[in-house]
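The structure file my_file34.pdb is reproduced below (PDB, N, CA and C atoms).
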ATOM      1  N   MET A   1       4.441   9.243 -44.490  1.00  0.00           N
ATOM      2  CA  MET A   1       3.383   9.940 -43.785  1.00  0.00           C
ATOM      3  C   MET A   1       2.034   9.323 -44.140  1.00  0.00           C
ATOM      4  N   SER A   2       1.163   9.361 -43.187  1.00  0.00           N
ATOM      5  CA  SER A   2      -0.180   8.821 -43.394  1.00  0.00           C
ATOM      6  C   SER A   2      -1.034   9.774 -44.211  1.00  0.00           C
ATOM      7  N   GLU A   3      -2.012   9.214 -44.859  1.00  0.00           N
ATOM      8  CA  GLU A   3      -2.960   9.991 -45.643  1.00  0.00           C
ATOM      9  C   GLU A   3      -4.221  10.162 -44.805  1.00  0.00           C
ATOM     10  N   LEU A   4      -4.492  11.374 -44.363  1.00  0.00           N
ATOM     11  CA  LEU A   4      -5.638  11.651 -43.501  1.00  0.00           C
ATOM     12  C   LEU A   4      -6.636  12.600 -44.160  1.00  0.00           C
ATOM     13  N   SER A   5      -6.621  12.678 -45.475  1.00  0.00           N
ATOM     14  CA  SER A   5      -7.488  13.639 -46.162  1.00  0.00           C
ATOM     15  C   SER A   5      -8.968  13.386 -45.917  1.00  0.00           C
ATOM     16  N   HIS A   6      -9.335  12.147 -45.569  1.00  0.00           N
ATOM     17  CA  HIS A   6     -10.741  11.855 -45.297  1.00  0.00           C
ATOM     18  C   HIS A   6     -11.221  12.520 -44.004  1.00  0.00           C
ATOM     19  N   LEU A   7     -10.305  12.984 -43.157  1.00  0.00           N
ATOM     20  CA  LEU A   7     -10.658  13.663 -41.912  1.00  0.00           C
ATOM     21  C   LEU A   7     -10.723  15.178 -42.064  1.00  0.00           C
ATOM     22  N   ALA A   8     -10.355  15.695 -43.230  1.00  0.00           N
ATOM     23  CA  ALA A   8     -10.234  17.144 -43.444  1.00  0.00           C
ATOM     24  C   ALA A   8     -11.603  17.772 -43.695  1.00  0.00           C
ATOM     25  N   LEU A   9     -12.366  17.941 -42.622  1.00  0.00           N
ATOM     26  CA  LEU A   9     -13.666  18.593 -42.694  1.00  0.00           C
ATOM     27  C   LEU A   9     -13.581  19.922 -41.955  1.00  0.00           C
ATOM     28  N   PRO A  10     -14.102  21.007 -42.519  1.00  0.00           N
ATOM     29  CA  PRO A  10     -14.048  22.312 -41.850  1.00  0.00           C
ATOM     30  C   PRO A  10     -14.683  22.242 -40.455  1.00  0.00           C
ATOM     31  N   GLY A  11     -13.974  22.780 -39.482  1.00  0.00           N
ATOM     32  CA  GLY A  11     -14.450  22.785 -38.102  1.00  0.00           C
ATOM     33  C   GLY A  11     -14.023  21.569 -37.304  1.00  0.00           C
ATOM     34  N   ALA A  12     -13.401  20.597 -37.935  1.00  0.00           N
ATOM     35  CA  ALA A  12     -12.957  19.390 -37.235  1.00  0.00           C
ATOM     36  C   ALA A  12     -11.795  19.725 -36.299  1.00  0.00           C
ATOM     37  N   THR A  13     -11.747  19.033 -35.174  1.00  0.00           N
ATOM     38  CA  THR A  13     -10.636  19.208 -34.241  1.00  0.00           C
ATOM     39  C   THR A  13      -9.809  17.928 -34.236  1.00  0.00           C
ATOM     40  N   PHE A  14      -8.520  18.096 -33.990  1.00  0.00           N
ATOM     41  CA  PHE A  14      -7.582  16.983 -34.022  1.00  0.00           C
ATOM     42  C   PHE A  14      -6.755  16.985 -32.743  1.00  0.00           C
ATOM     43  N   ALA A  15      -6.856  15.908 -31.969  1.00  0.00           N
ATOM     44  CA  ALA A  15      -6.011  15.721 -30.796  1.00  0.00           C
ATOM     45  C   ALA A  15      -4.688  15.156 -31.290  1.00  0.00           C
ATOM     46  N   VAL A  16      -3.604  15.814 -30.923  1.00  0.00           N
ATOM     47  CA  VAL A  16      -2.280  15.465 -31.427  1.00  0.00           C
ATOM     48  C   VAL A  16      -1.332  15.268 -30.252  1.00  0.00           C
ATOM     49  N   ARG A  17      -0.525  14.226 -30.333  1.00  0.00           N
ATOM     50  CA  ARG A  17       0.549  13.985 -29.362  1.00  0.00           C
ATOM     51  C   ARG A  17       1.860  14.157 -30.119  1.00  0.00           C
ATOM     52  N   VAL A  18       2.656  15.146 -29.745  1.00  0.00           N
ATOM     53  CA  VAL A  18       3.892  15.465 -30.454  1.00  0.00           C
ATOM     54  C   VAL A  18       5.097  14.908 -29.697  1.00  0.00           C
ATOM     55  N   THR A  19       5.982  14.264 -30.432  1.00  0.00           N
ATOM     56  CA  THR A  19       7.256  13.802 -29.888  1.00  0.00           C
ATOM     57  C   THR A  19       8.355  14.630 -30.546  1.00  0.00           C
ATOM     58  N   PRO A  20       8.885  15.626 -29.827  1.00  0.00           N
ATOM     59  CA  PRO A  20       9.937  16.461 -30.414  1.00  0.00           C
ATOM     60  C   PRO A  20      11.290  15.763 -30.370  1.00  0.00           C
ATOM     61  N   ASN A  21      12.217  16.275 -31.169  1.00  0.00           N
ATOM     62  CA  ASN A  21      13.600  15.799 -31.176  1.00  0.00           C
ATOM     63  C   ASN A  21      13.703  14.309 -31.489  1.00  0.00           C
ATOM     64  N   ALA A  22      12.828  13.821 -32.363  1.00  0.00           N
ATOM     65  CA  ALA A  22      12.848  12.406 -32.752  1.00  0.00           C
ATOM     66  C   ALA A  22      13.950  12.168 -33.783  1.00  0.00           C
ATOM     67  N   ARG A  23      14.388  10.953 -33.888  1.00  0.00           N
ATOM     68  CA  ARG A  23      15.401  10.616 -34.893  1.00  0.00           C
ATOM     69  C   ARG A  23      14.838  10.698 -36.299  1.00  0.00           C
ATOM     70  N   ARG A  24      13.550  10.321 -36.416  1.00  0.00           N
ATOM     71  CA  ARG A  24      12.910  10.278 -37.726  1.00  0.00           C
ATOM     72  C   ARG A  24      11.512  10.880 -37.601  1.00  0.00           C
ATOM     73  N   ALA A  25      11.155  11.732 -38.531  1.00  0.00           N
ATOM     74  CA  ALA A  25       9.819  12.329 -38.529  1.00  0.00           C
ATOM     75  C   ALA A  25       8.808  11.288 -38.983  1.00  0.00           C
ATOM     76  N   GLY A  26       7.622  11.352 -38.400  1.00  0.00           N
ATOM     77  CA  GLY A  26       6.582  10.408 -38.787  1.00  0.00           C
ATOM     78  C   GLY A  26       5.241  10.829 -38.227  1.00  0.00           C
ATOM     79  N   LEU A  27       4.190  10.208 -38.743  1.00  0.00           N
ATOM     80  CA  LEU A  27       2.831  10.521 -38.318  1.00  0.00           C
ATOM     81  C   LEU A  27       2.020   9.233 -38.382  1.00  0.00           C
ATOM     82  N   GLU A  28       1.242   8.973 -37.318  1.00  0.00           N
ATOM     83  CA  GLU A  28       0.376   7.801 -37.316  1.00  0.00           C
ATOM     84  C   GLU A  28      -0.903   8.114 -36.553  1.00  0.00           C
ATOM     85  N   LEU A  29      -1.966   7.472 -36.963  1.00  0.00           N
ATOM     86  CA  LEU A  29      -3.251   7.613 -36.305  1.00  0.00           C
ATOM     87  C   LEU A  29      -3.371   6.485 -35.298  1.00  0.00           C
ATOM     88  N   ALA A  30      -3.429   6.834 -34.019  1.00  0.00           N
ATOM     89  CA  ALA A  30      -3.523   5.854 -32.939  1.00  0.00           C
ATOM     90  C   ALA A  30      -4.834   6.081 -32.203  1.00  0.00           C
ATOM     91  N   GLY A  31      -5.879   5.397 -32.643  1.00  0.00           N
ATOM     92  CA  GLY A  31      -7.197   5.614 -32.053  1.00  0.00           C
ATOM     93  C   GLY A  31      -7.730   6.957 -32.492  1.00  0.00           C
ATOM     94  N   GLU A  32      -8.047   7.808 -31.535  1.00  0.00           N
ATOM     95  CA  GLU A  32      -8.548   9.140 -31.850  1.00  0.00           C
ATOM     96  C   GLU A  32      -7.458  10.198 -31.772  1.00  0.00           C
ATOM     97  N   VAL A  33      -6.243   9.771 -31.444  1.00  0.00           N
ATOM     98  CA  VAL A  33      -5.117  10.694 -31.308  1.00  0.00           C
ATOM     99  C   VAL A  33      -4.163  10.494 -32.477  1.00  0.00           C
ATOM    100  N   ILE A  34      -3.689  11.596 -33.017  1.00  0.00           N
ATOM    101  CA  ILE A  34      -2.691  11.553 -34.086  1.00  0.00           C
ATOM    102  C   ILE A  34      -1.332  11.762 -33.438  1.00  0.00           C
ATOM    103  N   ARG A  35      -0.461  10.790 -33.595  1.00  0.00           N
ATOM    104  CA  ARG A  35       0.882  10.872 -33.018  1.00  0.00           C
ATOM    105  C   ARG A  35       1.836  11.367 -34.094  1.00  0.00           C
ATOM    106  N   ILE A  36       2.525  12.474 -33.794  1.00  0.00           N
ATOM    107  CA  ILE A  36       3.442  13.083 -34.745  1.00  0.00           C
ATOM    108  C   ILE A  36       4.830  13.159 -34.109  1.00  0.00           C
ATOM    109  N   ALA A  37       5.810  12.589 -34.782  1.00  0.00           N
ATOM    110  CA  ALA A  37       7.202  12.697 -34.350  1.00  0.00           C
ATOM    111  C   ALA A  37       7.887  13.706 -35.262  1.00  0.00           C
ATOM    112  N   VAL A  38       8.548  14.690 -34.660  1.00  0.00           N
ATOM    113  CA  VAL A  38       9.244  15.721 -35.427  1.00  0.00           C
ATOM    114  C   VAL A  38      10.702  15.761 -34.994  1.00  0.00           C
ATOM    115  N   THR A  39      11.566  16.165 -35.894  1.00  0.00           N
ATOM    116  CA  THR A  39      12.992  16.233 -35.596  1.00  0.00           C
ATOM    117  C   THR A  39      13.395  17.560 -34.968  1.00  0.00           C
ATOM    118  N   GLU A  40      12.471  18.498 -34.903  1.00  0.00           N
ATOM    119  CA  GLU A  40      12.756  19.814 -34.327  1.00  0.00           C
ATOM    120  C   GLU A  40      12.835  19.726 -32.800  1.00  0.00           C
ATOM    121  N   VAL A  41      13.595  20.629 -32.212  1.00  0.00           N
ATOM    122  CA  VAL A  41      13.692  20.709 -30.755  1.00  0.00           C
ATOM    123  C   VAL A  41      12.514  21.524 -30.212  1.00  0.00           C
ATOM    124  N   PRO A  42      12.108  21.261 -28.973  1.00  0.00           N
ATOM    125  CA  PRO A  42      10.960  21.976 -28.416  1.00  0.00           C
ATOM    126  C   PRO A  42      11.328  23.346 -27.846  1.00  0.00           C
ATOM    127  N   GLU A  43      11.869  24.199 -28.680  1.00  0.00           N
ATOM    128  CA  GLU A  43      12.260  25.544 -28.251  1.00  0.00           C
ATOM    129  C   GLU A  43      11.618  26.566 -29.167  1.00  0.00           C
ATOM    130  N   ALA A  44      11.075  27.610 -28.579  1.00  0.00           N
ATOM    131  CA  ALA A  44      10.506  28.743 -29.314  1.00  0.00           C
ATOM    132  C   ALA A  44       9.412  28.315 -30.300  1.00  0.00           C
ATOM    133  N   GLY A  45       8.703  27.225 -29.969  1.00  0.00           N
ATOM    134  CA  GLY A  45       7.589  26.797 -30.802  1.00  0.00           C
ATOM    135  C   GLY A  45       7.970  26.093 -32.093  1.00  0.00           C
ATOM    136  N   ARG A  46       9.242  25.717 -32.233  1.00  0.00           N
ATOM    137  CA  ARG A  46       9.674  25.088 -33.484  1.00  0.00           C
ATOM    138  C   ARG A  46       9.076  23.693 -33.665  1.00  0.00           C
ATOM    139  N   ALA A  47       8.964  22.922 -32.593  1.00  0.00           N
ATOM    140  CA  ALA A  47       8.369  21.587 -32.691  1.00  0.00           C
ATOM    141  C   ALA A  47       6.875  21.688 -32.984  1.00  0.00           C
ATOM    142  N   THR A  48       6.206  22.656 -32.386  1.00  0.00           N
ATOM    143  CA  THR A  48       4.774  22.858 -32.642  1.00  0.00           C
ATOM    144  C   THR A  48       4.539  23.234 -34.092  1.00  0.00           C
ATOM    145  N   GLU A  49       5.356  24.103 -34.631  1.00  0.00           N
ATOM    146  CA  GLU A  49       5.205  24.508 -36.029  1.00  0.00           C
ATOM    147  C   GLU A  49       5.494  23.348 -36.972  1.00  0.00           C
ATOM    148  N   ALA A  50       6.482  22.530 -36.641  1.00  0.00           N
ATOM    149  CA  ALA A  50       6.781  21.357 -37.457  1.00  0.00           C
ATOM    150  C   ALA A  50       5.623  20.362 -37.417  1.00  0.00           C
ATOM    151  N   ALA A  51       4.986  20.228 -36.260  1.00  0.00           N
ATOM    152  CA  ALA A  51       3.817  19.352 -36.139  1.00  0.00           C
ATOM    153  C   ALA A  51       2.653  19.897 -36.960  1.00  0.00           C
ATOM    154  N   ARG A  52       2.465  21.218 -36.951  1.00  0.00           N
ATOM    155  CA  ARG A  52       1.401  21.838 -37.754  1.00  0.00           C
ATOM    156  C   ARG A  52       1.623  21.569 -39.245  1.00  0.00           C
ATOM    157  N   VAL A  53       2.860  21.681 -39.692  1.00  0.00           N
ATOM    158  CA  VAL A  53       3.190  21.441 -41.103  1.00  0.00           C
ATOM    159  C   VAL A  53       2.940  19.973 -41.457  1.00  0.00           C
ATOM    160  N   ALA A  54       3.362  19.053 -40.587  1.00  0.00           N
ATOM    161  CA  ALA A  54       3.168  17.627 -40.859  1.00  0.00           C
ATOM    162  C   ALA A  54       1.684  17.266 -40.892  1.00  0.00           C
ATOM    163  N   LEU A  55       0.912  17.818 -39.967  1.00  0.00           N
ATOM    164  CA  LEU A  55      -0.527  17.545 -39.941  1.00  0.00           C
ATOM    165  C   LEU A  55      -1.212  18.110 -41.178  1.00  0.00           C
ATOM    166  N   ALA A  56      -0.850  19.318 -41.564  1.00  0.00           N
ATOM    167  CA  ALA A  56      -1.441  19.935 -42.757  1.00  0.00           C
ATOM    168  C   ALA A  56      -1.117  19.116 -44.003  1.00  0.00           C
ATOM    169  N   ARG A  57       0.101  18.636 -44.108  1.00  0.00           N
ATOM    170  CA  ARG A  57       0.503  17.827 -45.261  1.00  0.00           C
ATOM    171  C   ARG A  57      -0.290  16.518 -45.304  1.00  0.00           C
ATOM    172  N   ALA A  58      -0.477  15.882 -44.147  1.00  0.00           N
ATOM    173  CA  ALA A  58      -1.225  14.620 -44.091  1.00  0.00           C
ATOM    174  C   ALA A  58      -2.703  14.829 -44.412  1.00  0.00           C
ATOM    175  N   LEU A  59      -3.246  15.988 -44.024  1.00  0.00           N
ATOM    176  CA  LEU A  59      -4.654  16.284 -44.294  1.00  0.00           C
ATOM    177  C   LEU A  59      -4.866  16.804 -45.708  1.00  0.00           C
ATOM    178  N   GLY A  60      -3.797  17.279 -46.333  1.00  0.00           N
ATOM    179  CA  GLY A  60      -3.899  17.828 -47.679  1.00  0.00           C
ATOM    180  C   GLY A  60      -4.459  19.239 -47.697  1.00  0.00           C
ATOM    181  N   VAL A  61      -4.154  20.016 -46.658  1.00  0.00           N
ATOM    182  CA  VAL A  61      -4.636  21.397 -46.568  1.00  0.00           C
ATOM    183  C   VAL A  61      -3.449  22.324 -46.316  1.00  0.00           C
ATOM    184  N   ALA A  62      -3.691  23.621 -46.442  1.00  0.00           N
ATOM    185  CA  ALA A  62      -2.649  24.602 -46.147  1.00  0.00           C
ATOM    186  C   ALA A  62      -2.450  24.696 -44.629  1.00  0.00           C
ATOM    187  N   LYS A  63      -1.207  24.898 -44.214  1.00  0.00           N
ATOM    188  CA  LYS A  63      -0.941  24.965 -42.774  1.00  0.00           C
ATOM    189  C   LYS A  63      -1.623  26.158 -42.123  1.00  0.00           C
ATOM    190  N   SER A  64      -1.915  27.190 -42.880  1.00  0.00           N
ATOM    191  CA  SER A  64      -2.597  28.365 -42.330  1.00  0.00           C
ATOM    192  C   SER A  64      -4.044  28.064 -41.945  1.00  0.00           C
ATOM    193  N   ARG A  65      -4.595  26.954 -42.425  1.00  0.00           N
ATOM    194  CA  ARG A  65      -5.958  26.562 -42.069  1.00  0.00           C
ATOM    195  C   ARG A  65      -6.036  25.842 -40.735  1.00  0.00           C
ATOM    196  N   LEU A  66      -4.896  25.482 -40.150  1.00  0.00           N
ATOM    197  CA  LEU A  66      -4.875  24.807 -38.856  1.00  0.00           C
ATOM    198  C   LEU A  66      -4.604  25.819 -37.749  1.00  0.00           C
ATOM    199  N   THR A  67      -5.512  25.863 -36.777  1.00  0.00           N
ATOM    200  CA  THR A  67      -5.392  26.765 -35.642  1.00  0.00           C
ATOM    201  C   THR A  67      -5.099  25.950 -34.394  1.00  0.00           C
ATOM    202  N   LEU A  68      -4.083  26.354 -33.646  1.00  0.00           N
ATOM    203  CA  LEU A  68      -3.765  25.692 -32.386  1.00  0.00           C
ATOM    204  C   LEU A  68      -4.719  26.207 -31.318  1.00  0.00           C
ATOM    205  N   LEU A  69      -5.544  25.329 -30.772  1.00  0.00           N
ATOM    206  CA  LEU A  69      -6.495  25.725 -29.743  1.00  0.00           C
ATOM    207  C   LEU A  69      -5.913  25.585 -28.344  1.00  0.00           C
ATOM    208  N   ARG A  70      -5.097  24.555 -28.148  1.00  0.00           N
ATOM    209  CA  ARG A  70      -4.605  24.270 -26.810  1.00  0.00           C
ATOM    210  C   ARG A  70      -3.294  23.505 -26.910  1.00  0.00           C
ATOM    211  N   GLY A  71      -2.372  23.780 -25.973  1.00  0.00           N
ATOM    212  CA  GLY A  71      -1.143  23.002 -25.882  1.00  0.00           C
ATOM    213  C   GLY A  71       0.079  23.603 -26.536  1.00  0.00           C
ATOM    214  N   ALA A  72       0.208  24.911 -26.523  1.00  0.00           N
ATOM    215  CA  ALA A  72       1.345  25.560 -27.185  1.00  0.00           C
ATOM    216  C   ALA A  72       2.690  25.075 -26.637  1.00  0.00           C
ATOM    217  N   THR A  73       2.764  24.783 -25.343  1.00  0.00           N
ATOM    218  CA  THR A  73       4.026  24.347 -24.748  1.00  0.00           C
ATOM    219  C   THR A  73       3.962  22.916 -24.230  1.00  0.00           C
ATOM    220  N   ALA A  74       2.912  22.186 -24.567  1.00  0.00           N
ATOM    221  CA  ALA A  74       2.745  20.807 -24.093  1.00  0.00           C
ATOM    222  C   ALA A  74       2.897  19.823 -25.251  1.00  0.00           C
ATOM    223  N   ARG A  75       3.078  18.567 -24.936  1.00  0.00           N
ATOM    224  CA  ARG A  75       3.156  17.532 -25.968  1.00  0.00           C
ATOM    225  C   ARG A  75       1.782  17.226 -26.552  1.00  0.00           C
ATOM    226  N   ASP A  76       0.743  17.331 -25.721  1.00  0.00           N
ATOM    227  CA  ASP A  76      -0.620  17.092 -26.176  1.00  0.00           C
ATOM    228  C   ASP A  76      -1.214  18.403 -26.659  1.00  0.00           C
ATOM    229  N   LYS A  77      -1.647  18.413 -27.912  1.00  0.00           N
ATOM    230  CA  LYS A  77      -2.137  19.635 -28.549  1.00  0.00           C
ATOM    231  C   LYS A  77      -3.500  19.374 -29.163  1.00  0.00           C
ATOM    232  N   LEU A  78      -4.230  20.453 -29.402  1.00  0.00           N
ATOM    233  CA  LEU A  78      -5.526  20.364 -30.071  1.00  0.00           C
ATOM    234  C   LEU A  78      -5.535  21.398 -31.185  1.00  0.00           C
ATOM    235  N   PHE A  79      -5.702  20.913 -32.422  1.00  0.00           N
ATOM    236  CA  PHE A  79      -5.766  21.774 -33.595  1.00  0.00           C
ATOM    237  C   PHE A  79      -7.184  21.764 -34.139  1.00  0.00           C
ATOM    238  N   ARG A  80      -7.594  22.877 -34.736  1.00  0.00           N
ATOM    239  CA  ARG A  80      -8.888  22.968 -35.418  1.00  0.00           C
ATOM    240  C   ARG A  80      -8.629  23.340 -36.867  1.00  0.00           C
ATOM    241  N   LEU A  81      -9.372  22.703 -37.770  1.00  0.00           N
ATOM    242  CA  LEU A  81      -9.278  23.011 -39.191  1.00  0.00           C
ATOM    243  C   LEU A  81     -10.322  24.065 -39.529  1.00  0.00           C
ATOM    244  N   ASP A  82      -9.865  25.218 -40.008  1.00  0.00           N
ATOM    245  CA  ASP A  82     -10.777  26.314 -40.361  1.00  0.00           C
ATOM    246  C   ASP A  82     -11.163  26.248 -41.816  1.00  0.00           C
TER     247      ASP A  82
END

Re-express the file's structure as structure tokens.
Amino acid sequence: MSELSHLALPGATFAVRVTPNARRAGLELAGEVIRIAVTEVPEAGRATEAARVALARALGVAKSRLTLLRGATARDKLFRLD
């Protein structure tokens, strides 16, 4: 996983592209978008929650500090760090 702790500023927003049901979990910074591959299936918000956990781990913050602003059922999501 990438180390993104330098981006962990209160109020910062993160554009995320999630790839559910991937063979291998991973996270990479591609320009201004963070690409997260999760092994969870996109049902009942499980892939979104797995993406939240992966992003929080990469930022070095608690997952409860990340708020989903947009994209609950889409691959493109926007998170805010509180």

Legend entry - Nearest to Ser64 in chain A by atom-to-atom distance, counting only C-alpha atoms, from A:Arg24, A:Arg35, A:Arg46, A:Arg80: A:Arg80

Inset, instruction - Dump as JSON, numbers by chain all residues having an atom at most 6.5 Å from (0.6, 24.3, -36.8), computed in the file's coordinates with only N, CA and C atoms. - result: {"A": [48, 49, 50, 51, 52, 53, 63, 66, 67, 68]}

Inset, instruction - Name the residues that the PyMOL selection byres ((chain A and resi 14) around 5) picks from the file above, as a list of chain:residue names, using the file's chain letters and numbers. - result: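 That expression, the PyMOL selection byres ((chain A and resi 14) around 5), corresponds here to A:Ala12, A:Thr13, A:Ala15, A:Val16, A:Leu78, A:Phe79, A:Arg80.
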
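Here the PyMOL selection byres (((chain A and resi 72 and name CA) around 10) and name CA) matches the residues Ala44, Gly45, Ala47, Thr48, Glu49, Leu68, Leu69, Arg70, Gly71, Thr73, Ala74, Arg75, Asp76, Lys77 and Leu78 of chain A.
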
Legend entry - Picked residues, the PyMOL selection byres ((chain A and resi 40) around 7), expected as a PyMOL selection string: chain A and resi 20-22+37-39+41-43+46-47+50

Inset, instruction - Would you kindly return, as number ranges by chain, each protein, DNA or RNA residue with an atom no farther than 5 Å from any atom of Asp82 in chain A, considering all atoms listed in the file and excluding same-chain residues fewer than 4 positions away? - result: A: 10-11, 65-66

Inset, instruction - Record the distance separating CA of Ile34 in chain A and CA of Arg17 in chain A, expressed in Å with one decimal. - result: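 Computing it gives 6.2 Å between the two atoms.
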
Start from the incomplete input, build all heavy atoms for range 71-79 of chain A, and deliver everything as a short mmCIF file (atom, residue, chain, number, x, y, z; two decimals), keeping the file's coordinate frame.
data_model
loop_
_atom_site.label_atom_id
_atom_site.label_comp_id
_atom_site.auth_asym_id
_atom_site.auth_seq_id
_atom_site.Cartn_x
_atom_site.Cartn_y
_atom_site.Cartn_z
N GLY A 71 -2.37 23.78 -25.97
CA GLY A 71 -1.14 23.00 -25.88
C GLY A 71 0.08 23.60 -26.54
O GLY A 71 0.92 22.86 -27.04
N ALA A 72 0.21 24.91 -26.52
CA ALA A 72 1.34 25.56 -27.18
C ALA A 72 2.69 25.08 -26.64
O ALA A 72 3.65 24.94 -27.39
CB ALA A 72 1.24 27.07 -27.05
N THR A 73 2.76 24.78 -25.34
CA THR A 73 4.03 24.35 -24.75
C THR A 73 3.96 22.92 -24.23
O THR A 73 4.86 22.48 -23.53
CB THR A 73 4.44 25.28 -23.60
OG1 THR A 73 3.42 25.27 -22.61
CG2 THR A 73 4.67 26.70 -24.10
N ALA A 74 2.91 22.19 -24.57
CA ALA A 74 2.74 20.81 -24.09
C ALA A 74 2.90 19.82 -25.25
O ALA A 74 2.83 20.20 -26.42
CB ALA A 74 1.36 20.65 -23.46
N ARG A 75 3.08 18.57 -24.94
CA ARG A 75 3.16 17.53 -25.97
C ARG A 75 1.78 17.23 -26.55
O ARG A 75 1.67 16.85 -27.70
CB ARG A 75 3.75 16.24 -25.40
CG ARG A 75 5.22 16.35 -25.13
CD ARG A 75 5.73 15.05 -24.54
NE ARG A 75 7.13 15.17 -24.22
CZ ARG A 75 8.08 14.50 -24.84
NH1 ARG A 75 7.79 13.67 -25.79
NH2 ARG A 75 9.33 14.65 -24.48
N ASP A 76 0.74 17.33 -25.72
CA ASP A 76 -0.62 17.09 -26.18
C ASP A 76 -1.21 18.40 -26.66
O ASP A 76 -1.28 19.38 -25.92
CB ASP A 76 -1.48 16.52 -25.05
CG ASP A 76 -1.00 15.14 -24.62
OD1 ASP A 76 -0.66 14.35 -25.52
OD2 ASP A 76 -0.97 14.87 -23.41
N LYS A 77 -1.65 18.41 -27.91
CA LYS A 77 -2.14 19.64 -28.55
C LYS A 77 -3.50 19.37 -29.16
O LYS A 77 -3.87 18.23 -29.44
CB LYS A 77 -1.17 20.09 -29.64
CG LYS A 77 0.23 20.36 -29.08
CD LYS A 77 1.18 20.78 -30.14
CE LYS A 77 2.58 20.92 -29.60
NZ LYS A 77 2.76 21.79 -28.48
N LEU A 78 -4.23 20.45 -29.40
CA LEU A 78 -5.53 20.36 -30.07
C LEU A 78 -5.54 21.40 -31.18
O LEU A 78 -5.36 22.59 -30.95
CB LEU A 78 -6.66 20.63 -29.08
CG LEU A 78 -8.06 20.44 -29.63
CD1 LEU A 78 -8.31 18.96 -29.97
CD2 LEU A 78 -9.10 20.90 -28.63
N PHE A 79 -5.70 20.91 -32.42
CA PHE A 79 -5.77 21.77 -33.60
C PHE A 79 -7.18 21.76 -34.14
O PHE A 79 -7.90 20.76 -34.04
CB PHE A 79 -4.82 21.27 -34.70
CG PHE A 79 -3.37 21.49 -34.44
CD1 PHE A 79 -2.57 20.50 -33.92
CD2 PHE A 79 -2.79 22.72 -34.73
CE1 PHE A 79 -1.23 20.70 -33.70
CE2 PHE A 79 -1.44 22.94 -34.51
CZ PHE A 79 -0.65 21.93 -33.99
#
